[in-house]
Amino acid sequence: INDLLKLQELESHKALLNVESVDLTAQLQNIARSFEDKWTEKGLTFVVDMPKTPLVLQTDAESLNRILQELLTNAGKYSEPNSRVDIQVRHYNDQIVLQIKNRGSGISAEDVAHIFDKFRRGKGVTQQAIQGTGLGLALVKCLVQHINGAIAVSSTTSDGSSEVCFKLTLPLTFDQAQT
């Protein structure tokens with residue numbers, strides 16, 4: 001219910017922004033630690049590849065944290081046991097590009113086209129008993145737009161398994177004129 005309420009607030013453009021300086025490097029390190037504990041039973045490892053210098057951006061910290069939490073929760077749910085989740089962060093001019101990759105069953109081309117739709121779940125997910133409501137990625141997309149970012153997904157297959165990559169592009173500075 002809370003996710004539905006948040007989506008409604010975002011879609012009606014009534015959600016407030018609290019723009020502040022966020023050290024993405026520190027935030028990712030903290031999130032990585034919390035997910036390493038959650039993923040131990042499944043045998044998942046976490047690899048973070050980012051510049052050594054701190055990456056500070058002007059954004060809504062709560063929205064960014066929720067985006068990362070949702071994407072990593074999905075990566076954990078859909079990863080093959082004993083595999084790894086990779087996060088790669090790059091700084092290009094006035095933006096940050098963050099990619100979250102995992103190996104698993106993948107996303108069909110048909111599902112990729114609708115992956116950010118509300119209540120949309122991939123084929124076979126229910127049969128695999130993977131929990132979820134189909135709201136997480138819809139919420140992610142709205143939150144990304146809320147902070148003037150962009151998100152895309154790809155799924156490629158090789159050697160019998162698929163790699164899913166969520167690519168998040170965020171501005172270094174928040175431009176109020178874009179909202």
# chains A, B, ... in the order shown; residues from 1 in each chain; ligands from 1

$ residues_around --residues "A:Thr53" --least-positions-apart "4" --cutoff "12 Å" --atoms "only C-alpha atoms" --output "list in words"
Asp23, Leu24, Thr25, Ala26, Asp49, Val89, Arg90 and His91 of chain A

$ select_by_dssp --residues "chain A" --states "helix (DSSP H, G or I)" --output "MDAnalysis selection string"
chainID A and resid 2:11 24:39 61:78 109:112 136:146 176:178

$ atom_distance --atom1 "atom CA of A:His146" --atom2 "atom CA of A:Ile87"
22.1 Å

$ closest_residue --among "A:Val140, A:Glu163, A:Val56, A:Ala150" --to "A:Ser83" --atoms "only C-alpha atoms"
A:Glu163

$ atom_distance --atom1 "atom CA of A:Leu137" --atom2 "atom CA of A:Leu57"
22.7 Å

$ atom_distance --atom1 "atom CA of A:Ala138" --atom2 "atom CA of A:Ile115"
7.8 Å

$ closest_residue --among "A:Ala113, A:Ala75, A:Ile67, A:Leu135" --to "A:Leu168" --atoms "only C-alpha atoms"
A:Ile67

$ closest_residue --among "A:Arg66, A:Arg103, A:Arg84, A:His114" --to "A:Val48" --atoms "only C-alpha atoms"
A:Arg84

$ closest_residue --among "A:Asn65, A:Asn2, A:Thr45, A:Gln58" --to "A:Val85" --atoms "only C-alpha atoms"
A:Thr45

$ closest_residue --among "A:Thr59, A:Asn102, A:Thr169, A:Asn74" --to "A:Ser155" --atoms "only C-alpha atoms"
A:Asn102
